[in-house]
Number of protein chains: 2
Amino acid sequence: MVESWTAIISKEIEDVEKTIIDTLHSDNEELDEMCRYVIEAGGKRVRPIICILSHLACGGTNIDRAISVGSAFEIVHTASLVHDDINDNGEVRRGRKTLHITHTLSKAIIAGDFMLVRGYRALGDVGEDVMNIIVKAASMMSESEFMQKDFEHDLLVTEDDYYKIINGKTAMLIYASAMSGAYLATSDAELLEIIGDYSHNVGLAFQVVDDVLDVIGKDVTGKRVGTDLMEGKPTLPIIYAMQDPTYGSEIKTLYEKDSISDEDVIKALELIKKTNSIDRCMEKATQLVVEAKKSLTNLPDSEYKDALCGLADYIVRRNR
Amino acid sequence: MVESWTAIISKEIEDVEKTIIDTLHSDNEELDEMCRYVIEAGGKRVRPIICILSHLACGGTNIDRAISVGSAFEIVHTASLVHDDINDNGEVRRGRKTLHITHTLSKAIIAGDFMLVRGYRALGDVGEDVMNIIVKAASMMSESEFMQKDFEHDLLVTEDDYYKIINGKTAMLIYASAMSGAYLATSDAELLEIIGDYSHNVGLAFQVVDDVLDVIGKDVTGKRVGTDLMEGKPTLPIIYAMQDPTYGSEIKTLYEKDSISDEDVIKALELIKKTNSIDRCMEKATQLVVEAKKSLTNLPDSEYKDALCGLADYIVRRNR
């Protein structure tokens, strides 16, 4: 991620890339190549960045551990993407064909497991408190995937259901990354609470914007737009759009369909854009980012604190 | 597993069952129910048993930790079975329909991930030495799955290739279970080497017999026979059968087929049984079990040592 606010940790971000590749090395050439293929496709590296910045902003000096723990979170996250793409029939991710398309379903499942295990291992000895957060986050990822599956094509999904889903699916792992970085720096309860509130809101905002990009994104996301609609996923843009007095009922009909054609997806995307759904979503995301930054008020001033603000602003500004 | 030699740890085996269910508890009812469904289908619990017996035979008194670590290995193993069944299109396991048949492919992938993560977490703090063994075992599981996939339907597979595959696929995790139990009891290098040699040979023998049961097994395995043939898996019974001067070439033709009919599977099974392949495999397994028991010579005598011998004998005697 080349953004001005990341400049102060550019060396650390480079180290993260190296650490990830090293951690995933396998003597099996194909497995090694598959891991590299997914990792080298890039990604925003939000989890290692928030881990490292939280560590430094809390006065931490154990930067090597923050890098290895942050890298481990990125690996766990990437493993979950490999399996998510299978579950969602995703064929393109970060501009590249997904692993189960390039290397068969079986090998993608195995590679995902391999990454998951290596990732958890790379977390190392983070202490009981952090490990409990991580395990809770990991469990919630699975549980919220179930909840999301159960709400597919379901008109009864509410905004509250959506927040529950994205909390487990995305926010908890981002929160865990930040908290791990902070715990490696301090045991000060106030500092830990600050980082906790900040990262939780950043995590929620991140997923709201991700869901918006599935509607208004361009090719720059390296991912087809409309995939959430294709899968009948209960996202905030869809939930808000279905509330629209003019276009809502037509969008509901399309969302309910178990199998939706490419033409219908295009039509649904156009209808959603005619509603105020995207504006409402971005307002919500902005509000979460404002909350996140407000949480930082009592954090001692530093260039790392500024970078955490930069990260929060980036979440709503990004186009991929 | 109700076998006379398990009587001395029957209370511990009960505790293992409880620990596994507790470890896999989820607030998501369906996920919780899926985990119970797989676990309650049973299984031989070889990994916790070998962990606990190795611990006690090395003079260990930390039985609670041995139970929790042994349970964790069973969970990791069960998670791998859930994903294996997807990869092999297995529809029945331990007499029950497999998870991806009862609960969709997506939910089975997610449930497998959930079990994997909870299992690794439940290992807890086993120390650096043991963790290295475990991580190596886990990596080798993925790597050998790749190797096995690459040799499917391949006539060039050798007996050596087969041992490499089953070493990673099965023996390493059984070895890791035993070594973890032993490390929790002692740091005596000689004792650790004894348990290492013993468990490695037991692990290899276990998989050879598993592959034999895929040819000669009855309904008692709760699994269809001939599934390895169906998948073109390079197993020892098939490798030996292909070497037969009379039936070898016909078996090769069937093994090479990418898609094989039920009739062809039945035919291939009959042909394999006409060769000396099963006898050779059982001779090999028996030889490994003899080696395993010989490794125990210098282990101090105890009822737990006797039980380890009982476990080794059971491996070749079992019919499921």
# chains A, B, ... in the order shown; residues from 1 in each chain; ligands from 1

call {"tool": "interface_residues", "arguments": {"of": "chain A", "to": "chain B", "cutoff": "10 Å", "atoms": "only C-alpha atoms", "output": "number ranges by chain"}}
result
A: 24-32, 79-80, 83-89, 104-118, 120-122, 124-125, 127-128, 131-132, 134-136, 138-147, 149

call {"tool": "calpha_fit_and_write", "arguments": {"fixed": "chain B", "moving": "chain A", "output": "mmCIF file with C-alpha atoms, in the first residue's frame"}}
result
data_model
loop_
_atom_site.group_PDB
_atom_site.id
_atom_site.type_symbol
_atom_site.label_atom_id
_atom_site.label_comp_id
_atom_site.auth_asym_id
_atom_site.auth_seq_id
_atom_site.Cartn_x
_atom_site.Cartn_y
_atom_site.Cartn_z
ATOM 1 C CA MET A 1 -12.072 -48.037 21.085
ATOM 2 C CA VAL A 2 -13.057 -50.877 23.431
ATOM 3 C CA GLU A 3 -10.071 -53.172 23.467
ATOM 4 C CA SER A 4 -8.708 -54.935 26.548
ATOM 5 C CA TRP A 5 -5.380 -53.094 26.396
ATOM 6 C CA THR A 6 -7.210 -49.748 26.569
ATOM 7 C CA ALA A 7 -8.829 -50.650 29.908
ATOM 8 C CA ILE A 8 -6.068 -49.000 31.955
ATOM 9 C CA ILE A 9 -6.824 -45.622 30.384
ATOM 10 C CA SER A 10 -10.600 -45.965 29.979
ATOM 11 C CA LYS A 11 -11.264 -42.986 32.260
ATOM 12 C CA GLU A 12 -8.814 -40.860 30.249
ATOM 13 C CA ILE A 13 -10.445 -41.906 26.974
ATOM 14 C CA GLU A 14 -13.805 -40.754 28.340
ATOM 15 C CA ASP A 15 -12.207 -37.439 29.296
ATOM 16 C CA VAL A 16 -10.871 -37.104 25.766
ATOM 17 C CA GLU A 17 -14.406 -37.334 24.367
ATOM 18 C CA LYS A 18 -15.631 -34.633 26.727
ATOM 19 C CA THR A 19 -12.633 -32.417 26.037
ATOM 20 C CA ILE A 20 -13.139 -32.656 22.279
ATOM 21 C CA ILE A 21 -16.822 -31.701 22.503
ATOM 22 C CA ASP A 22 -16.050 -28.811 24.879
ATOM 23 C CA THR A 23 -13.211 -27.550 22.703
ATOM 24 C CA LEU A 24 -15.420 -27.508 19.638
ATOM 25 C CA HIS A 25 -18.390 -25.803 21.268
ATOM 26 C CA SER A 26 -19.791 -22.956 19.188
ATOM 27 C CA ASP A 27 -22.633 -20.536 19.870
ATOM 28 C CA ASN A 28 -23.680 -21.078 16.291
ATOM 29 C CA GLU A 29 -26.034 -24.037 16.682
ATOM 30 C CA GLU A 30 -25.496 -25.475 13.249
ATOM 31 C CA LEU A 31 -21.703 -25.303 13.475
ATOM 32 C CA ASP A 32 -21.836 -26.860 16.944
ATOM 33 C CA GLU A 33 -24.108 -29.607 15.666
ATOM 34 C CA MET A 34 -21.857 -30.293 12.661
ATOM 35 C CA CYS A 35 -18.805 -30.700 14.901
ATOM 36 C CA ARG A 36 -20.688 -33.039 17.223
ATOM 37 C CA TYR A 37 -21.972 -35.011 14.255
ATOM 38 C CA VAL A 38 -18.448 -35.720 13.018
ATOM 39 C CA ILE A 39 -16.954 -36.358 16.441
ATOM 40 C CA GLU A 40 -19.780 -38.523 17.726
ATOM 41 C CA ALA A 41 -19.485 -40.759 14.673
ATOM 42 C CA GLY A 42 -16.555 -42.125 16.627
ATOM 43 C CA GLY A 43 -13.192 -43.069 15.335
ATOM 44 C CA LYS A 44 -10.418 -45.104 16.805
ATOM 45 C CA ARG A 45 -8.901 -42.188 18.739
ATOM 46 C CA VAL A 46 -5.444 -43.538 17.971
ATOM 47 C CA ARG A 47 -3.837 -40.085 18.324
ATOM 48 C CA PRO A 48 -5.051 -39.290 21.864
ATOM 49 C CA ILE A 49 -4.467 -42.879 22.960
ATOM 50 C CA ILE A 50 -0.868 -42.940 21.724
ATOM 51 C CA CYS A 51 -0.289 -39.504 23.268
ATOM 52 C CA ILE A 52 -1.599 -40.537 26.689
ATOM 53 C CA LEU A 53 0.101 -43.944 26.731
ATOM 54 C CA SER A 54 3.435 -42.465 25.628
ATOM 55 C CA HIS A 55 3.141 -39.911 28.397
ATOM 56 C CA LEU A 56 2.414 -42.506 31.064
ATOM 57 C CA ALA A 57 4.967 -45.012 29.758
ATOM 58 C CA CYS A 58 7.646 -42.314 30.062
ATOM 59 C CA GLY A 59 6.699 -41.809 33.707
ATOM 60 C CA GLY A 60 4.589 -38.690 33.123
ATOM 61 C CA THR A 61 2.120 -37.494 35.748
ATOM 62 C CA ASN A 62 0.753 -34.488 33.890
ATOM 63 C CA ILE A 63 -2.243 -36.472 32.708
ATOM 64 C CA ASP A 64 -4.584 -33.490 32.258
ATOM 65 C CA ARG A 65 -2.213 -31.883 29.776
ATOM 66 C CA ALA A 66 -1.719 -35.205 27.970
ATOM 67 C CA ILE A 67 -5.509 -35.495 27.639
ATOM 68 C CA SER A 68 -5.921 -31.970 26.300
ATOM 69 C CA VAL A 69 -3.011 -32.290 23.867
ATOM 70 C CA GLY A 70 -4.190 -35.734 22.716
ATOM 71 C CA SER A 71 -7.700 -34.344 22.195
ATOM 72 C CA ALA A 72 -6.277 -31.460 20.193
ATOM 73 C CA PHE A 73 -4.537 -33.916 17.853
ATOM 74 C CA GLU A 74 -7.783 -35.817 17.352
ATOM 75 C CA ILE A 75 -9.525 -32.538 16.452
ATOM 76 C CA VAL A 76 -6.814 -31.565 13.955
ATOM 77 C CA HIS A 77 -7.029 -35.059 12.461
ATOM 78 C CA THR A 78 -10.829 -34.901 12.239
ATOM 79 C CA ALA A 79 -10.651 -31.471 10.586
ATOM 80 C CA SER A 80 -8.344 -32.928 7.960
ATOM 81 C CA LEU A 81 -10.836 -35.760 7.338
ATOM 82 C CA VAL A 82 -13.639 -33.245 6.715
ATOM 83 C CA HIS A 83 -11.559 -31.546 4.037
ATOM 84 C CA ASP A 84 -10.192 -34.860 2.679
ATOM 85 C CA ASP A 85 -13.722 -36.105 2.132
ATOM 86 C CA ILE A 86 -14.417 -33.049 0.003
ATOM 87 C CA ASN A 87 -11.221 -33.587 -1.968
ATOM 88 C CA ASP A 88 -11.933 -37.280 -2.497
ATOM 89 C CA ASN A 89 -15.669 -36.902 -3.088
ATOM 90 C CA GLY A 90 -16.162 -39.207 -0.113
ATOM 91 C CA GLU A 91 -19.842 -39.542 0.689
ATOM 92 C CA VAL A 92 -19.709 -41.835 3.713
ATOM 93 C CA ARG A 93 -17.297 -41.832 6.666
ATOM 94 C CA ARG A 94 -17.551 -43.881 9.841
ATOM 95 C CA GLY A 95 -20.993 -45.063 8.730
ATOM 96 C CA ARG A 96 -22.387 -41.574 8.343
ATOM 97 C CA LYS A 97 -22.876 -39.290 5.387
ATOM 98 C CA THR A 98 -19.989 -36.835 5.150
ATOM 99 C CA LEU A 99 -20.449 -33.183 6.143
ATOM 100 C CA HIS A 100 -20.278 -31.725 2.671
ATOM 101 C CA ILE A 101 -23.133 -34.050 1.679
ATOM 102 C CA THR A 102 -25.302 -33.255 4.723
ATOM 103 C CA HIS A 103 -24.453 -29.542 5.000
ATOM 104 C CA THR A 104 -23.153 -28.184 1.656
ATOM 105 C CA LEU A 105 -19.581 -27.851 0.468
ATOM 106 C CA SER A 106 -19.188 -24.302 1.784
ATOM 107 C CA LYS A 107 -20.234 -25.104 5.314
ATOM 108 C CA ALA A 108 -18.022 -28.192 5.377
ATOM 109 C CA ILE A 109 -14.998 -26.114 4.353
ATOM 110 C CA ILE A 110 -15.780 -23.514 7.030
ATOM 111 C CA ALA A 111 -16.433 -26.171 9.691
ATOM 112 C CA GLY A 112 -13.120 -27.854 8.833
ATOM 113 C CA ASP A 113 -11.299 -24.532 9.212
ATOM 114 C CA PHE A 114 -13.069 -23.939 12.519
ATOM 115 C CA MET A 115 -12.013 -27.345 13.837
ATOM 116 C CA LEU A 116 -8.456 -26.855 12.614
ATOM 117 C CA VAL A 117 -8.092 -23.518 14.402
ATOM 118 C CA ARG A 118 -9.713 -24.722 17.621
ATOM 119 C CA GLY A 119 -7.579 -27.855 17.528
ATOM 120 C CA TYR A 120 -4.307 -25.982 17.153
ATOM 121 C CA ARG A 121 -5.362 -23.611 19.881
ATOM 122 C CA ALA A 122 -6.174 -26.507 22.220
ATOM 123 C CA LEU A 123 -2.597 -27.751 21.903
ATOM 124 C CA GLY A 124 -1.755 -24.827 24.141
ATOM 125 C CA ASP A 125 1.777 -24.127 25.190
ATOM 126 C CA VAL A 126 3.592 -27.359 24.367
ATOM 127 C CA GLY A 127 7.041 -25.812 24.213
ATOM 128 C CA GLU A 128 9.250 -25.017 21.269
ATOM 129 C CA ASP A 129 10.494 -28.582 20.558
ATOM 130 C CA VAL A 130 7.043 -30.094 20.372
ATOM 131 C CA MET A 131 5.619 -27.157 18.454
ATOM 132 C CA ASN A 132 8.301 -27.597 15.816
ATOM 133 C CA ILE A 133 7.365 -31.256 15.425
ATOM 134 C CA ILE A 134 3.694 -30.375 15.146
ATOM 135 C CA VAL A 135 4.219 -27.637 12.590
ATOM 136 C CA LYS A 136 6.437 -29.931 10.560
ATOM 137 C CA ALA A 137 3.763 -32.636 10.731
ATOM 138 C CA ALA A 138 1.049 -30.206 9.680
ATOM 139 C CA SER A 139 3.081 -28.902 6.751
ATOM 140 C CA MET A 140 3.925 -32.431 5.659
ATOM 141 C CA MET A 141 0.240 -33.341 5.723
ATOM 142 C CA SER A 142 -0.467 -30.683 3.092
ATOM 143 C CA GLU A 143 2.655 -31.461 1.095
ATOM 144 C CA SER A 144 1.984 -35.183 0.968
ATOM 145 C CA GLU A 145 -1.627 -34.565 -0.043
ATOM 146 C CA PHE A 146 -0.191 -32.712 -3.015
ATOM 147 C CA MET A 147 2.180 -35.553 -3.783
ATOM 148 C CA GLN A 148 -0.661 -38.059 -3.546
ATOM 149 C CA LYS A 149 -2.829 -35.968 -5.895
ATOM 150 C CA ASP A 150 0.028 -35.788 -8.389
ATOM 151 C CA PHE A 151 0.419 -39.566 -8.406
ATOM 152 C CA GLU A 152 -3.269 -40.297 -8.922
ATOM 153 C CA HIS A 153 -3.775 -42.736 -11.821
ATOM 154 C CA ASP A 154 -0.003 -42.618 -12.374
ATOM 155 C CA LEU A 155 1.598 -45.964 -13.249
ATOM 156 C CA LEU A 156 5.055 -44.679 -12.401
ATOM 157 C CA VAL A 157 4.387 -44.484 -8.655
ATOM 158 C CA THR A 158 6.869 -46.566 -6.647
ATOM 159 C CA GLU A 159 6.754 -48.200 -3.236
ATOM 160 C CA ASP A 160 9.162 -45.486 -2.029
ATOM 161 C CA ASP A 161 6.827 -42.736 -3.243
ATOM 162 C CA TYR A 162 4.046 -44.441 -1.315
ATOM 163 C CA TYR A 163 6.013 -44.414 1.942
ATOM 164 C CA LYS A 164 6.838 -40.754 1.461
ATOM 165 C CA ILE A 165 3.158 -39.994 0.992
ATOM 166 C CA ILE A 166 1.886 -41.960 3.990
ATOM 167 C CA ASN A 167 4.692 -40.659 6.157
ATOM 168 C CA GLY A 168 3.421 -37.118 5.693
ATOM 169 C CA LYS A 169 -0.244 -37.983 5.434
ATOM 170 C CA THR A 170 -0.533 -40.189 8.524
ATOM 171 C CA ALA A 171 2.643 -41.231 10.285
ATOM 172 C CA MET A 172 3.915 -37.756 11.125
ATOM 173 C CA LEU A 173 0.774 -36.731 13.025
ATOM 174 C CA ILE A 174 0.735 -40.004 14.974
ATOM 175 C CA TYR A 175 4.439 -39.493 15.699
ATOM 176 C CA ALA A 176 3.747 -35.906 16.795
ATOM 177 C CA SER A 177 0.945 -37.085 19.113
ATOM 178 C CA ALA A 178 3.208 -39.628 20.775
ATOM 179 C CA MET A 179 6.163 -37.247 20.998
ATOM 180 C CA SER A 180 4.001 -34.538 22.574
ATOM 181 C CA GLY A 181 2.862 -36.967 25.241
ATOM 182 C CA ALA A 182 6.453 -38.050 25.848
ATOM 183 C CA TYR A 183 7.833 -34.501 25.974
ATOM 184 C CA LEU A 184 5.209 -33.642 28.600
ATOM 185 C CA ALA A 185 6.715 -36.430 30.719
ATOM 186 C CA THR A 186 10.434 -36.339 30.162
ATOM 187 C CA SER A 187 13.415 -34.680 28.542
ATOM 188 C CA ASP A 188 15.420 -37.917 28.517
ATOM 189 C CA ALA A 189 16.809 -38.229 24.975
ATOM 190 C CA GLU A 190 16.790 -42.024 24.987
ATOM 191 C CA LEU A 191 13.149 -42.251 26.059
ATOM 192 C CA LEU A 192 12.167 -39.674 23.453
ATOM 193 C CA GLU A 193 13.977 -41.635 20.746
ATOM 194 C CA ILE A 194 12.234 -44.839 21.786
ATOM 195 C CA ILE A 195 8.809 -43.223 21.536
ATOM 196 C CA GLY A 196 9.774 -41.594 18.259
ATOM 197 C CA ASP A 197 10.848 -44.856 16.586
ATOM 198 C CA TYR A 198 7.863 -46.730 17.968
ATOM 199 C CA SER A 199 5.233 -44.221 16.907
ATOM 200 C CA HIS A 200 6.668 -43.613 13.476
ATOM 201 C CA ASN A 201 6.469 -47.319 12.640
ATOM 202 C CA VAL A 202 2.999 -47.597 14.181
ATOM 203 C CA GLY A 203 1.884 -44.673 12.023
ATOM 204 C CA LEU A 204 3.173 -46.241 8.812
ATOM 205 C CA ALA A 205 1.632 -49.636 9.662
ATOM 206 C CA PHE A 206 -1.651 -47.934 10.448
ATOM 207 C CA GLN A 207 -1.924 -46.405 6.974
ATOM 208 C CA VAL A 208 -0.861 -49.612 5.190
ATOM 209 C CA VAL A 209 -3.672 -51.474 6.967
ATOM 210 C CA ASP A 210 -6.091 -48.630 6.210
ATOM 211 C CA ASP A 211 -5.291 -49.030 2.536
ATOM 212 C CA VAL A 212 -5.712 -52.795 2.767
ATOM 213 C CA LEU A 213 -9.144 -52.310 4.362
ATOM 214 C CA ASP A 214 -10.144 -50.232 1.360
ATOM 215 C CA VAL A 215 -9.753 -53.422 -0.675
ATOM 216 C CA ILE A 216 -10.904 -56.188 1.668
ATOM 217 C CA GLY A 217 -12.967 -54.206 4.210
ATOM 218 C CA LYS A 218 -16.588 -55.041 4.824
ATOM 219 C CA ASP A 219 -19.414 -52.704 5.815
ATOM 220 C CA VAL A 220 -17.919 -52.707 9.298
ATOM 221 C CA THR A 221 -15.593 -49.893 8.233
ATOM 222 C CA GLY A 222 -18.659 -47.736 7.652
ATOM 223 C CA LYS A 223 -16.992 -46.661 4.449
ATOM 224 C CA ARG A 224 -17.428 -48.015 0.971
ATOM 225 C CA VAL A 225 -14.639 -50.250 -0.156
ATOM 226 C CA GLY A 226 -12.801 -49.407 -3.350
ATOM 227 C CA THR A 227 -12.841 -45.629 -2.822
ATOM 228 C CA ASP A 228 -9.084 -45.424 -3.292
ATOM 229 C CA LEU A 229 -9.419 -47.167 -6.638
ATOM 230 C CA MET A 230 -12.300 -44.883 -7.524
ATOM 231 C CA GLU A 231 -9.989 -41.900 -6.968
ATOM 232 C CA GLY A 232 -6.961 -43.524 -8.550
ATOM 233 C CA LYS A 233 -5.042 -43.181 -5.284
ATOM 234 C CA PRO A 234 -1.575 -44.706 -5.300
ATOM 235 C CA THR A 235 -1.908 -47.172 -2.404
ATOM 236 C CA LEU A 236 0.358 -50.106 -1.545
ATOM 237 C CA PRO A 237 -2.258 -52.790 -2.359
ATOM 238 C CA ILE A 238 -2.634 -51.246 -5.814
ATOM 239 C CA ILE A 239 1.114 -50.791 -6.331
ATOM 240 C CA TYR A 240 1.792 -54.447 -5.403
ATOM 241 C CA ALA A 241 -1.143 -55.712 -7.449
ATOM 242 C CA MET A 242 0.118 -53.899 -10.527
ATOM 243 C CA GLN A 243 3.375 -55.884 -10.192
ATOM 244 C CA ASP A 244 1.502 -59.191 -10.537
ATOM 245 C CA PRO A 245 2.659 -61.151 -13.629
ATOM 246 C CA THR A 246 -0.840 -62.484 -14.382
ATOM 247 C CA TYR A 247 -3.310 -59.748 -13.415
ATOM 248 C CA GLY A 248 -0.990 -56.737 -13.235
ATOM 249 C CA SER A 249 -1.566 -55.365 -16.701
ATOM 250 C CA GLU A 250 -5.351 -55.505 -16.388
ATOM 251 C CA ILE A 251 -5.191 -53.764 -13.002
ATOM 252 C CA LYS A 252 -2.908 -51.109 -14.494
ATOM 253 C CA THR A 253 -5.433 -50.395 -17.218
ATOM 254 C CA LEU A 254 -8.186 -49.920 -14.645
ATOM 255 C CA TYR A 255 -5.978 -47.822 -12.315
ATOM 256 C CA GLU A 256 -5.006 -45.519 -15.158
ATOM 257 C CA LYS A 257 -8.613 -44.671 -16.047
ATOM 258 C CA ASP A 258 -9.522 -41.130 -15.079
ATOM 259 C CA SER A 259 -13.104 -42.116 -14.571
ATOM 260 C CA ILE A 260 -13.914 -45.621 -13.462
ATOM 261 C CA SER A 261 -17.380 -47.215 -13.271
ATOM 262 C CA ASP A 262 -18.749 -49.091 -10.238
ATOM 263 C CA GLU A 263 -18.479 -52.340 -12.208
ATOM 264 C CA ASP A 264 -14.832 -51.665 -12.981
ATOM 265 C CA VAL A 265 -14.108 -50.968 -9.301
ATOM 266 C CA ILE A 266 -15.668 -54.314 -8.327
ATOM 267 C CA LYS A 267 -13.676 -56.023 -11.066
ATOM 268 C CA ALA A 268 -10.432 -54.346 -9.967
ATOM 269 C CA LEU A 269 -11.024 -55.327 -6.329
ATOM 270 C CA GLU A 270 -11.545 -58.945 -7.384
ATOM 271 C CA LEU A 271 -8.389 -58.905 -9.463
ATOM 272 C CA ILE A 272 -6.332 -57.428 -6.623
ATOM 273 C CA LYS A 273 -7.594 -60.156 -4.287
ATOM 274 C CA LYS A 274 -6.436 -62.794 -6.780
ATOM 275 C CA THR A 275 -2.868 -61.490 -6.522
ATOM 276 C CA ASN A 276 -0.605 -61.827 -3.485
ATOM 277 C CA SER A 277 -0.836 -58.064 -2.924
ATOM 278 C CA ILE A 278 -2.876 -58.158 0.296
ATOM 279 C CA ASP A 279 -0.614 -60.798 1.836
ATOM 280 C CA ARG A 280 2.443 -58.751 0.929
ATOM 281 C CA CYS A 281 0.866 -55.610 2.433
ATOM 282 C CA MET A 282 -0.043 -57.347 5.666
ATOM 283 C CA GLU A 283 3.437 -58.812 5.852
ATOM 284 C CA LYS A 284 4.827 -55.312 5.474
ATOM 285 C CA ALA A 285 2.466 -53.954 8.141
ATOM 286 C CA THR A 286 3.360 -56.789 10.498
ATOM 287 C CA GLN A 287 7.045 -56.126 9.948
ATOM 288 C CA LEU A 288 6.519 -52.444 10.835
ATOM 289 C CA VAL A 289 4.626 -53.450 13.976
ATOM 290 C CA VAL A 290 7.408 -55.839 14.972
ATOM 291 C CA GLU A 291 9.896 -53.004 14.493
ATOM 292 C CA ALA A 292 7.698 -50.721 16.572
ATOM 293 C CA LYS A 293 7.549 -53.164 19.458
ATOM 294 C CA LYS A 294 11.271 -53.843 19.224
ATOM 295 C CA SER A 295 11.889 -50.109 19.691
ATOM 296 C CA LEU A 296 10.269 -50.394 23.103
ATOM 297 C CA THR A 297 12.842 -52.889 24.424
ATOM 298 C CA ASN A 298 14.741 -50.350 26.523
ATOM 299 C CA LEU A 299 11.627 -48.613 27.803
ATOM 300 C CA PRO A 300 11.137 -49.414 31.519
ATOM 301 C CA ASP A 301 8.498 -52.125 31.997
ATOM 302 C CA SER A 302 5.030 -50.931 32.965
ATOM 303 C CA GLU A 303 1.420 -51.653 32.189
ATOM 304 C CA TYR A 304 1.551 -48.630 29.870
ATOM 305 C CA LYS A 305 4.410 -50.157 27.913
ATOM 306 C CA ASP A 306 2.296 -53.319 27.587
ATOM 307 C CA ALA A 307 -0.588 -51.183 26.336
ATOM 308 C CA LEU A 308 1.683 -49.584 23.704
ATOM 309 C CA CYS A 309 2.449 -53.147 22.514
ATOM 310 C CA GLY A 310 -1.286 -53.859 22.568
ATOM 311 C CA LEU A 311 -1.906 -50.802 20.423
ATOM 312 C CA ALA A 312 0.737 -51.906 17.910
ATOM 313 C CA ASP A 313 -0.792 -55.399 17.662
ATOM 314 C CA TYR A 314 -4.262 -53.929 17.292
ATOM 315 C CA ILE A 315 -3.149 -51.940 14.228
ATOM 316 C CA VAL A 316 -2.711 -55.100 12.159
ATOM 317 C CA ARG A 317 -5.617 -56.982 13.734
ATOM 318 C CA ARG A 318 -8.319 -54.350 13.343
ATOM 319 C CA ASN A 319 -11.081 -54.644 10.791
ATOM 320 C CA ARG A 320 -12.106 -50.987 10.675
#

call {"tool": "select_by_dssp", "arguments": {"residues": "range 49-141 of chain A", "states": "helix (DSSP H, G or I)", "output": "PyMOL selection string"}}
result
chain A and resi 49-57+63-87+99-102+105-123+128-141
